[in-house]
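Next up, model17.cif (mmCIF, C-alpha atoms):
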```cif
data_final
#
loop_
_atom_site.label_atom_id
_atom_site.label_comp_id
_atom_site.auth_asym_id
_atom_site.auth_seq_id
_atom_site.Cartn_x
_atom_site.Cartn_y
_atom_site.Cartn_z
CA MET A 1 -214.69 -20.09 -195.57
CA THR A 2 -216.51 -20.06 -192.23
CA GLU A 3 -214.60 -20.93 -189.09
CA GLN A 4 -216.34 -22.12 -185.98
CA GLN A 5 -216.05 -20.05 -182.88
CA SER A 6 -214.66 -22.94 -180.88
CA THR A 7 -211.01 -24.00 -180.89
CA GLY A 8 -211.47 -26.30 -183.86
CA SER A 9 -211.16 -24.95 -187.40
CA ALA A 10 -212.69 -26.20 -190.61
CA TRP A 11 -209.40 -26.58 -192.47
CA PRO A 12 -206.32 -28.56 -191.51
CA ASP A 13 -203.37 -26.60 -190.15
CA PRO A 14 -200.54 -25.76 -192.51
CA PRO A 15 -197.46 -27.97 -192.10
CA SER A 16 -195.38 -26.77 -189.20
CA PHE A 17 -192.21 -26.18 -191.23
CA TYR A 18 -192.73 -22.45 -191.07
CA LYS A 19 -191.70 -22.50 -187.42
CA ARG A 20 -188.16 -23.31 -188.47
CA TYR A 21 -187.71 -19.96 -190.14
CA THR A 22 -186.94 -17.88 -187.07
CA ALA A 23 -184.98 -14.64 -187.58
CA GLU A 24 -181.89 -16.24 -186.11
CA ASN A 25 -182.08 -19.22 -188.43
CA VAL A 26 -182.63 -17.02 -191.44
CA GLU A 27 -179.49 -15.09 -190.54
CA LYS A 28 -177.54 -18.31 -190.28
CA LEU A 29 -178.92 -19.36 -193.64
CA LYS A 30 -177.81 -16.14 -195.31
CA LYS A 31 -174.31 -16.51 -193.90
CA ALA A 32 -174.12 -20.11 -194.96
CA ARG A 33 -175.20 -19.23 -198.49
CA LYS A 34 -172.41 -16.69 -198.75
CA THR A 35 -169.73 -18.93 -197.41
CA GLY A 36 -171.12 -22.02 -199.05
CA ILE A 37 -170.66 -24.10 -195.93
CA TYR A 38 -173.64 -25.57 -194.22
CA PRO A 39 -173.00 -26.70 -190.64
CA GLU A 40 -173.75 -30.35 -190.14
CA THR A 41 -175.02 -30.04 -186.60
CA PRO A 42 -178.77 -30.16 -186.45
CA ILE A 43 -180.60 -27.20 -185.01
CA SER A 44 -183.10 -28.03 -182.39
CA LEU A 45 -186.17 -25.99 -181.71
CA PRO A 46 -188.28 -27.73 -179.13
CA PRO A 47 -190.85 -29.09 -179.48
CA LEU A 48 -189.96 -29.57 -183.17
CA PRO A 49 -187.64 -32.42 -184.16
CA ASP A 50 -184.03 -31.55 -185.06
CA PHE A 51 -183.28 -30.43 -188.56
CA LEU A 52 -180.27 -29.49 -190.62
CA LEU A 53 -179.72 -25.89 -191.70
CA LYS A 54 -179.57 -26.96 -195.32
CA SER A 55 -183.18 -28.01 -195.25
CA LEU A 56 -184.21 -24.38 -195.00
CA GLU A 57 -183.28 -23.90 -198.65
CA PRO A 58 -186.18 -24.25 -201.06
CA PRO A 59 -186.21 -27.67 -202.73
CA THR A 60 -185.01 -27.98 -206.33
CA PRO A 61 -187.79 -28.24 -208.93
CA PRO A 62 -188.43 -31.76 -210.19
CA THR A 63 -187.07 -32.76 -213.54
CA ASP A 64 -188.54 -36.16 -214.07
CA SER A 65 -191.79 -36.73 -212.29
CA TYR A 66 -193.71 -35.06 -209.53
CA LYS A 67 -196.64 -35.85 -207.31
CA ILE A 68 -199.77 -33.78 -206.99
CA PHE A 69 -202.61 -34.93 -204.74
CA ASP A 70 -201.14 -38.38 -204.61
CA GLN A 71 -200.94 -38.71 -208.38
CA THR A 72 -197.62 -38.98 -210.11
CA TRP A 73 -197.27 -36.83 -213.22
CA GLN A 74 -194.41 -36.73 -215.69
CA VAL A 75 -192.63 -33.49 -216.37
CA GLU A 76 -192.41 -34.43 -220.01
CA ASP A 77 -195.81 -35.55 -221.29
CA ARG A 78 -195.55 -38.29 -223.82
CA LEU A 79 -197.33 -41.46 -224.75
CA ALA A 80 -195.71 -44.49 -223.18
CA THR A 81 -194.89 -47.28 -225.59
CA LEU A 82 -196.50 -50.62 -225.06
CA ASN A 83 -193.25 -52.23 -223.98
CA GLU A 84 -192.97 -49.75 -221.16
CA LEU A 85 -196.46 -50.63 -220.03
CA GLY A 86 -195.56 -54.30 -220.11
CA VAL A 87 -198.11 -55.14 -222.76
CA LYS A 88 -197.30 -57.28 -225.77
CA GLN A 89 -197.26 -55.32 -228.99
CA LEU A 90 -199.32 -57.05 -231.63
CA PHE A 91 -198.58 -54.80 -234.58
CA PRO A 92 -195.23 -54.32 -236.33
CA GLU A 93 -192.73 -51.61 -235.40
CA GLY A 94 -192.16 -48.34 -237.19
CA GLN A 95 -194.53 -47.08 -239.82
CA ILE A 96 -197.74 -49.02 -239.99
CA ASP A 97 -200.80 -48.85 -242.12
CA ARG A 98 -203.21 -47.91 -239.39
CA ILE A 99 -206.35 -48.88 -241.22
CA LYS A 100 -205.18 -52.39 -241.99
CA GLU A 101 -203.77 -53.00 -238.53
CA LEU A 102 -206.88 -51.74 -236.79
CA LYS A 103 -209.07 -53.92 -238.95
CA LYS A 104 -206.92 -56.94 -238.28
CA LEU A 105 -207.15 -56.28 -234.57
CA ASN A 106 -210.90 -55.89 -234.84
CA ARG A 107 -211.27 -59.29 -236.49
CA THR A 108 -208.96 -60.92 -234.00
CA LEU A 109 -211.05 -59.45 -231.24
CA ILE A 110 -214.20 -61.19 -232.42
CA VAL A 111 -212.38 -64.45 -232.91
CA GLN A 112 -210.95 -64.28 -229.42
CA TYR A 113 -214.38 -63.63 -228.00
CA LEU A 114 -215.67 -66.73 -229.74
CA GLY A 115 -212.78 -68.61 -228.23
CA LEU A 116 -213.74 -67.31 -224.82
CA LEU A 117 -217.29 -68.53 -225.22
CA ASP A 118 -216.07 -71.91 -226.37
CA ILE A 119 -213.81 -72.29 -223.40
CA LEU A 120 -216.55 -71.28 -221.05
CA VAL A 121 -218.67 -74.04 -222.48
CA ASN A 122 -216.03 -76.75 -222.45
CA ASN A 123 -213.33 -75.92 -219.89
CA PRO A 124 -214.57 -73.03 -217.81
CA ASP A 125 -211.47 -72.94 -215.69
CA GLU A 126 -209.16 -71.92 -218.50
CA PHE A 127 -210.74 -68.56 -219.15
CA GLY A 128 -207.74 -66.63 -217.83
CA GLN A 129 -205.64 -66.89 -220.99
CA ARG A 130 -208.45 -65.85 -223.26
CA ILE A 131 -209.36 -62.86 -221.20
CA GLU A 132 -205.76 -61.79 -221.15
CA ASN A 133 -205.64 -62.02 -224.96
CA ILE A 134 -208.77 -59.94 -225.32
CA SER A 135 -207.43 -57.31 -222.98
CA THR A 136 -204.13 -57.15 -224.88
CA ILE A 137 -206.01 -56.62 -228.11
CA PHE A 138 -208.00 -53.79 -226.62
CA ILE A 139 -204.93 -52.09 -225.23
CA ASN A 140 -203.23 -52.37 -228.60
CA MET A 141 -206.16 -50.84 -230.41
CA HIS A 142 -206.33 -47.94 -228.02
CA HIS A 143 -202.62 -47.44 -228.29
CA ILE A 144 -202.77 -47.14 -232.06
CA LEU A 145 -205.55 -44.60 -231.70
CA ASN A 146 -203.63 -42.60 -229.13
CA GLU A 147 -200.68 -42.43 -231.45
CA TYR A 148 -203.00 -41.12 -234.08
CA ARG A 149 -203.97 -38.08 -232.02
CA PRO A 150 -201.04 -35.84 -233.02
CA HIS A 151 -201.70 -36.79 -236.64
CA GLN A 152 -205.27 -35.67 -236.24
CA ALA A 153 -204.19 -32.40 -234.63
CA ARG A 154 -202.05 -31.67 -237.68
CA GLU A 155 -204.96 -32.48 -239.97
CA THR A 156 -207.15 -30.00 -238.12
CA LEU A 157 -204.43 -27.40 -238.42
CA LYS A 158 -204.29 -28.02 -242.17
CA LEU A 159 -208.04 -27.48 -242.50
CA LEU A 160 -207.91 -24.28 -240.47
CA MET A 161 -205.11 -22.90 -242.60
CA GLU A 162 -206.94 -23.74 -245.81
CA ASN A 163 -209.95 -21.85 -244.50
CA GLN A 164 -207.84 -18.86 -243.63
CA VAL A 165 -206.20 -18.72 -247.04
CA ALA A 166 -209.55 -18.91 -248.83
CA LYS A 167 -211.03 -16.19 -246.63
CA LYS A 168 -208.11 -13.82 -247.17
CA ARG A 169 -208.17 -14.26 -250.91
CA GLN A 170 -211.88 -13.64 -251.01
CA GLN A 171 -211.58 -10.51 -248.90
CA ALA A 172 -208.84 -9.10 -251.11
CA ALA A 173 -211.02 -9.69 -254.18
CA GLU A 174 -214.05 -8.09 -252.49
CA LEU A 175 -211.99 -5.08 -251.52
CA ARG A 176 -210.77 -4.54 -255.05
CA ARG A 177 -214.23 -4.95 -256.48
CA LYS A 178 -215.85 -2.53 -254.05
CA SER A 179 -213.27 0.15 -254.55
CA ALA A 180 -213.59 -0.15 -258.33
CA GLU A 181 -217.32 0.31 -257.92
CA THR A 182 -216.89 3.38 -255.74
CA LEU A 183 -214.49 4.99 -258.17
CA GLN A 184 -216.93 4.32 -260.93
CA MET A 185 -219.67 6.03 -258.97
CA LEU A 186 -217.55 9.09 -258.33
CA HIS A 187 -216.63 9.21 -261.97
CA ASP A 188 -220.33 9.16 -262.84
CA PHE A 189 -221.02 11.97 -260.37
CA GLY A 190 -218.25 13.98 -261.97
CA GLN A 191 -219.79 13.44 -265.35
CA GLU A 192 -223.22 14.48 -264.12
CA ILE A 193 -221.86 17.66 -262.61
CA GLY A 194 -219.97 18.32 -265.82
CA HIS A 195 -223.19 17.91 -267.81
CA SER A 196 -225.20 20.19 -265.55
CA LEU A 197 -222.47 22.84 -265.84
CA THR A 198 -222.43 22.63 -269.62
CA ASP A 199 -226.13 23.41 -269.43
CA HIS A 200 -225.48 26.53 -267.36
CA THR A 201 -222.23 27.90 -268.82
CA GLY A 202 -220.41 27.53 -272.09
CA ARG A 203 -217.21 26.65 -270.40
CA GLY A 204 -218.70 23.56 -268.81
CA GLY A 205 -216.95 21.53 -271.47
CA GLU A 206 -213.54 22.74 -270.35
CA VAL A 207 -214.38 22.11 -266.77
CA PHE A 208 -215.57 18.66 -267.70
CA GLY A 209 -212.33 17.94 -269.47
CA LYS A 210 -210.38 19.01 -266.41
CA PHE A 211 -212.60 16.88 -264.22
CA GLU A 212 -211.78 13.84 -266.25
CA HIS A 213 -208.13 14.51 -265.69
CA ILE A 214 -208.70 14.78 -261.96
CA ASP A 215 -210.72 11.58 -261.86
CA HIS A 216 -207.92 9.59 -263.35
CA LEU A 217 -205.70 10.43 -260.44
CA GLY A 218 -207.80 7.91 -258.57
CA SER A 219 -207.04 8.35 -254.91
CA ASN A 220 -207.56 12.06 -255.07
CA SER A 221 -211.29 11.64 -255.18
CA GLU A 222 -211.55 13.77 -252.05
CA ASP A 223 -210.15 16.76 -253.88
CA VAL A 224 -212.57 16.19 -256.74
CA LYS A 225 -215.48 16.47 -254.31
CA MET A 226 -214.05 19.63 -252.80
CA SER A 227 -213.62 21.37 -256.13
CA GLU A 228 -217.16 20.35 -257.10
CA THR A 229 -218.65 21.99 -254.04
CA CYS A 230 -216.55 25.12 -254.56
CA ILE A 231 -217.92 25.36 -258.03
CA LYS A 232 -221.51 24.94 -256.91
CA ASN A 233 -221.20 27.76 -254.41
CA GLU A 234 -219.69 30.32 -256.81
CA GLY A 235 -222.11 32.05 -259.09
CA THR A 236 -220.14 33.69 -261.91
CA SER A 237 -218.17 31.86 -264.53
CA ASP A 238 -215.00 33.90 -263.97
CA ALA A 239 -214.86 33.06 -260.36
CA LEU A 240 -215.62 29.54 -261.51
CA GLU A 241 -212.62 29.37 -263.76
CA LEU A 242 -210.33 30.88 -261.14
CA ASN A 243 -211.43 28.35 -258.57
CA VAL A 244 -211.04 25.37 -260.83
CA THR A 245 -207.57 26.37 -261.95
CA SER A 246 -206.40 26.96 -258.40
CA ALA A 247 -207.83 23.60 -257.32
CA ILE A 248 -206.08 21.81 -260.13
CA ASP A 249 -202.83 23.58 -259.30
CA SER A 250 -203.07 22.48 -255.71
CA ILE A 251 -203.61 18.88 -256.73
CA VAL A 252 -200.96 18.63 -259.38
CA MET B 1 -218.21 -35.21 -232.45
CA ASP B 2 -214.85 -36.04 -233.82
CA ARG B 3 -214.29 -39.41 -235.40
CA LEU B 4 -211.43 -40.50 -233.26
CA THR B 5 -213.48 -40.16 -230.09
CA GLN B 6 -216.35 -41.95 -231.76
CA LEU B 7 -214.07 -44.80 -232.65
CA GLN B 8 -212.72 -45.01 -229.13
CA ASP B 9 -216.24 -45.01 -227.75
CA ALA B 10 -217.27 -47.76 -230.15
CA ILE B 11 -214.37 -49.94 -229.06
CA ASP B 12 -215.22 -49.38 -225.42
CA SER B 13 -218.87 -50.21 -225.92
CA MET B 14 -217.78 -53.37 -227.74
CA ALA B 15 -215.96 -54.43 -224.61
CA ARG B 16 -219.05 -53.65 -222.56
CA MET B 17 -221.17 -55.73 -224.88
CA PHE B 18 -218.85 -58.70 -224.42
CA THR B 19 -219.35 -58.65 -220.70
CA ASN B 20 -223.05 -57.90 -220.96
CA SER B 21 -223.71 -60.85 -223.22
CA ILE B 22 -221.89 -63.32 -221.05
CA HIS B 23 -223.59 -61.92 -217.99
CA TYR B 24 -227.02 -62.21 -219.55
CA VAL B 25 -226.52 -65.77 -220.62
CA HIS B 26 -225.28 -66.60 -217.17
CA GLU B 27 -228.05 -64.93 -215.26
CA ARG B 28 -231.08 -65.70 -217.32
CA SER B 29 -230.58 -69.23 -218.41
CA SER B 30 -233.05 -71.87 -217.33
CA MET B 31 -232.17 -75.18 -215.77
CA ALA B 32 -230.96 -77.94 -218.09
CA SER B 33 -231.23 -81.64 -217.54
CA LEU B 34 -227.98 -83.59 -217.23
CA ASN B 35 -229.53 -86.91 -218.07
CA ASN B 36 -232.42 -87.58 -220.37
CA ASP B 37 -234.17 -89.61 -217.73
CA ILE B 38 -234.07 -87.07 -214.92
CA PRO B 39 -236.43 -84.25 -215.79
CA VAL B 40 -235.93 -80.69 -214.71
CA ALA B 41 -237.61 -80.27 -211.35
CA GLN B 42 -236.43 -76.93 -209.97
CA GLN B 43 -236.99 -73.72 -211.83
CA LYS B 44 -234.59 -70.85 -211.42
CA VAL B 45 -236.24 -67.70 -210.21
CA GLN B 46 -234.81 -65.21 -212.64
CA ALA B 47 -234.96 -67.48 -215.65
CA ASP B 48 -236.46 -66.16 -218.85
CA SER B 49 -238.75 -68.41 -220.77
CA PRO B 50 -236.94 -70.33 -223.53
CA GLU B 51 -238.38 -68.33 -226.42
CA VAL B 52 -237.59 -64.99 -224.86
CA PHE B 53 -234.17 -66.30 -223.98
CA GLN B 54 -233.45 -67.37 -227.53
CA GLN B 55 -234.69 -64.08 -228.91
CA ASN B 56 -232.56 -62.06 -226.56
CA MET B 57 -229.51 -64.12 -227.35
CA GLN B 58 -230.08 -63.51 -231.04
CA GLU B 59 -230.41 -59.82 -230.40
CA LEU B 60 -227.21 -59.72 -228.40
CA ALA B 61 -225.33 -61.58 -231.11
CA THR B 62 -226.58 -59.30 -233.88
CA ASP B 63 -225.74 -56.21 -231.83
CA LEU B 64 -222.24 -57.48 -231.32
CA VAL B 65 -221.69 -58.07 -235.01
CA LYS B 66 -223.22 -54.70 -235.89
CA LYS B 67 -220.85 -53.00 -233.50
CA ALA B 68 -217.89 -54.72 -235.08
CA LYS B 69 -219.03 -53.54 -238.50
CA GLU B 70 -219.44 -50.03 -237.16
CA ILE B 71 -215.90 -50.08 -235.90
CA ASP B 72 -214.71 -51.16 -239.32
CA LEU B 73 -216.57 -48.29 -240.96
CA LEU B 74 -215.24 -45.73 -238.51
CA ILE B 75 -211.71 -46.94 -239.12
CA GLU B 76 -212.22 -46.35 -242.83
CA VAL B 77 -213.31 -42.76 -242.43
CA LEU B 78 -210.59 -41.62 -240.04
CA PRO B 79 -209.55 -38.35 -241.61
CA GLY B 80 -206.27 -38.22 -243.43
CA ILE B 81 -205.12 -41.56 -242.20
CA LYS B 82 -203.58 -42.20 -245.59
CA ASN B 83 -200.97 -39.46 -245.19
CA THR B 84 -197.81 -40.37 -243.40
CA GLU B 85 -196.21 -37.96 -241.01
CA GLU B 86 -193.73 -36.57 -243.53
CA ASP B 87 -196.54 -35.93 -245.98
CA GLN B 88 -198.38 -33.99 -243.36
CA LEU B 89 -195.41 -31.86 -242.42
CA ARG B 90 -194.79 -31.12 -246.08
CA ILE B 91 -198.40 -30.14 -246.67
CA LEU B 92 -198.36 -27.90 -243.63
CA ALA B 93 -195.23 -26.11 -244.85
CA GLU B 94 -196.83 -25.57 -248.25
CA LEU B 95 -199.98 -24.22 -246.66
CA GLU B 96 -197.96 -21.85 -244.53
CA GLU B 97 -196.30 -20.46 -247.64
CA GLU B 98 -199.66 -20.09 -249.36
CA ASN B 99 -201.04 -18.34 -246.31
CA ARG B 100 -198.18 -15.88 -246.35
CA LEU B 101 -198.73 -15.16 -250.03
CA ALA B 102 -202.44 -14.57 -249.54
CA ASN B 103 -201.62 -12.23 -246.68
CA GLN B 104 -199.25 -10.32 -248.92
CA GLU B 105 -201.87 -10.04 -251.66
CA TYR B 106 -204.38 -8.70 -249.18
CA GLU B 107 -201.98 -6.11 -247.85
CA ASP B 108 -201.14 -5.01 -251.38
CA ALA B 109 -204.81 -4.60 -252.22
CA VAL B 110 -205.36 -2.47 -249.14
CA HIS B 111 -202.26 -0.43 -249.83
CA GLU B 112 -202.99 0.39 -253.45
CA LEU B 113 -206.37 1.83 -252.51
CA GLY B 114 -204.74 4.34 -250.20
#
```

As structure tokens, how would this structure be written, given the file I've shared?
Amino acid sequence: MTEQQSTGSAWPDPPSFYKRYTAENVEKLKKARKTGIYPETPISLPPLPDFLLKSLEPPTPPTDSYKIFDQTWQVEDRLATLNELGVKQLFPEGQIDRIKELKKLNRTLIVQYLGLLDILVNNPDEFGQRIENISTIFINMHHILNEYRPHQARETLKLLMENQVAKKRQQAAELRRKSAETLQMLHDFGQEIGHSLTDHTGRGGEVFGKFEHIDHLGSNSEDVKMSETCIKNEGTSDALELNVTSAIDSIV
Amino acid sequence: MDRLTQLQDAIDSMARMFTNSIHYVHERSSMASLNNDIPVAQQKVQADSPEVFQQNMQELATDLVKKAKEIDLLIEVLPGIKNTEEDQLRILAELEEENRLANQEYEDAVHELG
């Protein structure tokens, strides 16, 4: 991005079309767009060559093919058939058994090469035909392979989807298993607490029974924990019973 | 590397081997006598000795045949080449359905655990 201090610059100048867009011309263009009439007389802006007003409009986008850096590209990308390329098509039309055709072409290739060697030995001047045959065979083989590409893309898609399905199923199973395990653990904790309470108070059995009921509600394991801690903190059995009943009432 | 590209590369190298072999035979051959009476007087500078020449020619020929066999093998193992296009589209639709079901199952599992 460095520019020399002298009058030259590292990069070529932009095309001089921008000089056409003077304020006056832009006004004329706006008016012409409204009326829909473009004057035919060319506008001259020395030292530029004359130009029509209509050329100030932006060009329409290409629909068929366009050129970038001297290369022509198609707007619609598709594989050209062999007829369009001017190459003889050696395999039958429509649906073909790719494996068989490719193998046939492969064999023909070797045979043609032998022919080429023979001709070079006997009549070296007639190599042109043989070489043309060999090149046709190559182009045909590559064409079959190019047509196979979309097929292969679909195959890859199929594999990816199969992977996804397997992964999802496995994750769902894992999830279920883990949550069953966790519930089991909480259930065991509840039992332990129940047992330790039976050791301390006579009413532990009741409490234990109520705990079992709470456990079976499943997703309310949070509340089970809360009521457990409440019970641990209270000392007397009366307060204990009051707490447990209020907890159960809040859950139910 | 995916098989299709491998196959394309193999075919291209086959073409290269064609030209290489002819070129070698052309460059490295020794002078031959046209008539049994006139012996070979001038030797070519780049000529290989006859034994080496024969050996190399053998090697080139075997390489060529090996390459052709390789191409055959690669053609065989092109993935899914047995399915026609309609088959593929059908299989893809089925897989999409299966995918949706699996998704649904997963969501259900998550949902039922709160």

So which residues get picked by the PyMOL selection byres ((chain A) within 6 of (chain B)) here, written as a list in words?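 When the PyMOL selection byres ((chain A) within 6 of (chain B)) is applied, the selected residues are Val165, Arg169 and Ala172 of chain A.
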
Using all atoms listed in the file: which of B:His111, B:His23, B:Arg28, B:Arg16 has the shortest distance to Phe53 in chain B: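 Using all atoms listed in the file, Phe53 in chain B sits closest to B:Arg28.
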
Could you tell me how far CA of Gln184 in chain A lies from CA of Lys167 in chain A, in Å and to one decimal? 25.7 Å

Residues matched by the PyMOL selection byres ((chain A and resi 20-35) around 9) as a count of residues only: 16

Ground truth for the PyMOL selection byres ((chain A and resi 135) around 12), written as a PyMOL selection string: (chain A and resi 87-90+105+108-109+112-113+116+128-134+136-142) or (chain B and resi 11-12+15+18)

Using C-alpha atoms, can you export the residues from the last selection as an mmCIF file, in the frame of the given file?
```
data_model
loop_
_atom_site.group_PDB
_atom_site.id
_atom_site.type_symbol
_atom_site.label_atom_id
_atom_site.label_comp_id
_atom_site.auth_asym_id
_atom_site.auth_seq_id
_atom_site.Cartn_x
_atom_site.Cartn_y
_atom_site.Cartn_z
ATOM 1 C CA VAL A 87 -198.110 -55.140 -222.760
ATOM 2 C CA LYS A 88 -197.300 -57.280 -225.770
ATOM 3 C CA GLN A 89 -197.260 -55.320 -228.990
ATOM 4 C CA LEU A 90 -199.320 -57.050 -231.630
ATOM 5 C CA LEU A 105 -207.150 -56.280 -234.570
ATOM 6 C CA THR A 108 -208.960 -60.920 -234.000
ATOM 7 C CA LEU A 109 -211.050 -59.450 -231.240
ATOM 8 C CA GLN A 112 -210.950 -64.280 -229.420
ATOM 9 C CA TYR A 113 -214.380 -63.630 -228.000
ATOM 10 C CA LEU A 116 -213.740 -67.310 -224.820
ATOM 11 C CA GLY A 128 -207.740 -66.630 -217.830
ATOM 12 C CA GLN A 129 -205.640 -66.890 -220.990
ATOM 13 C CA ARG A 130 -208.450 -65.850 -223.260
ATOM 14 C CA ILE A 131 -209.360 -62.860 -221.200
ATOM 15 C CA GLU A 132 -205.760 -61.790 -221.150
ATOM 16 C CA ASN A 133 -205.640 -62.020 -224.960
ATOM 17 C CA ILE A 134 -208.770 -59.940 -225.320
ATOM 18 C CA THR A 136 -204.130 -57.150 -224.880
ATOM 19 C CA ILE A 137 -206.010 -56.620 -228.110
ATOM 20 C CA PHE A 138 -208.000 -53.790 -226.620
ATOM 21 C CA ILE A 139 -204.930 -52.090 -225.230
ATOM 22 C CA ASN A 140 -203.230 -52.370 -228.600
ATOM 23 C CA MET A 141 -206.160 -50.840 -230.410
ATOM 24 C CA HIS A 142 -206.330 -47.940 -228.020
ATOM 25 C CA ILE B 11 -214.370 -49.940 -229.060
ATOM 26 C CA ASP B 12 -215.220 -49.380 -225.420
ATOM 27 C CA ALA B 15 -215.960 -54.430 -224.610
ATOM 28 C CA PHE B 18 -218.850 -58.700 -224.420
#
```

Can you tell me which residues surround Val40 in chain B at a distance of at most 7 Å, considering all atoms listed in the file, apart from same-chain residues fewer than 3 positions away, and format the answer as a list of chain:residue names?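 The filter keeps B:Met31, B:Ala32, B:Ser33.
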
From the list B:Asp63, B:Glu27, B:Glu70, B:Asp9, which residue is nearest Lys103 in chain A when using only C-alpha atoms?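 When distances to Lys103 in chain A are compared using only C-alpha atoms, the smallest one comes from B:Glu70.
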
Rounded to one decimal in Å, what is the spacing between CA of Lys67 in chain A and CA of Leu145 in chain A? 27.4 Å

So how far away is CA of Leu114 in chain A from CA of Phe127 in chain A, in Å?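 Calculated distance between CA of Phe127 in chain A and CA of Leu114 in chain A is 11.8 Å.
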
Please determine, counting all atoms listed in the file, which residue among B:Val52, B:Leu60, B:Met17, B:Ala10 has the shortest atom-to-atom distance to Ser30 in chain B.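 Result for the nearest residue to Ser30 in chain B: B:Val52.
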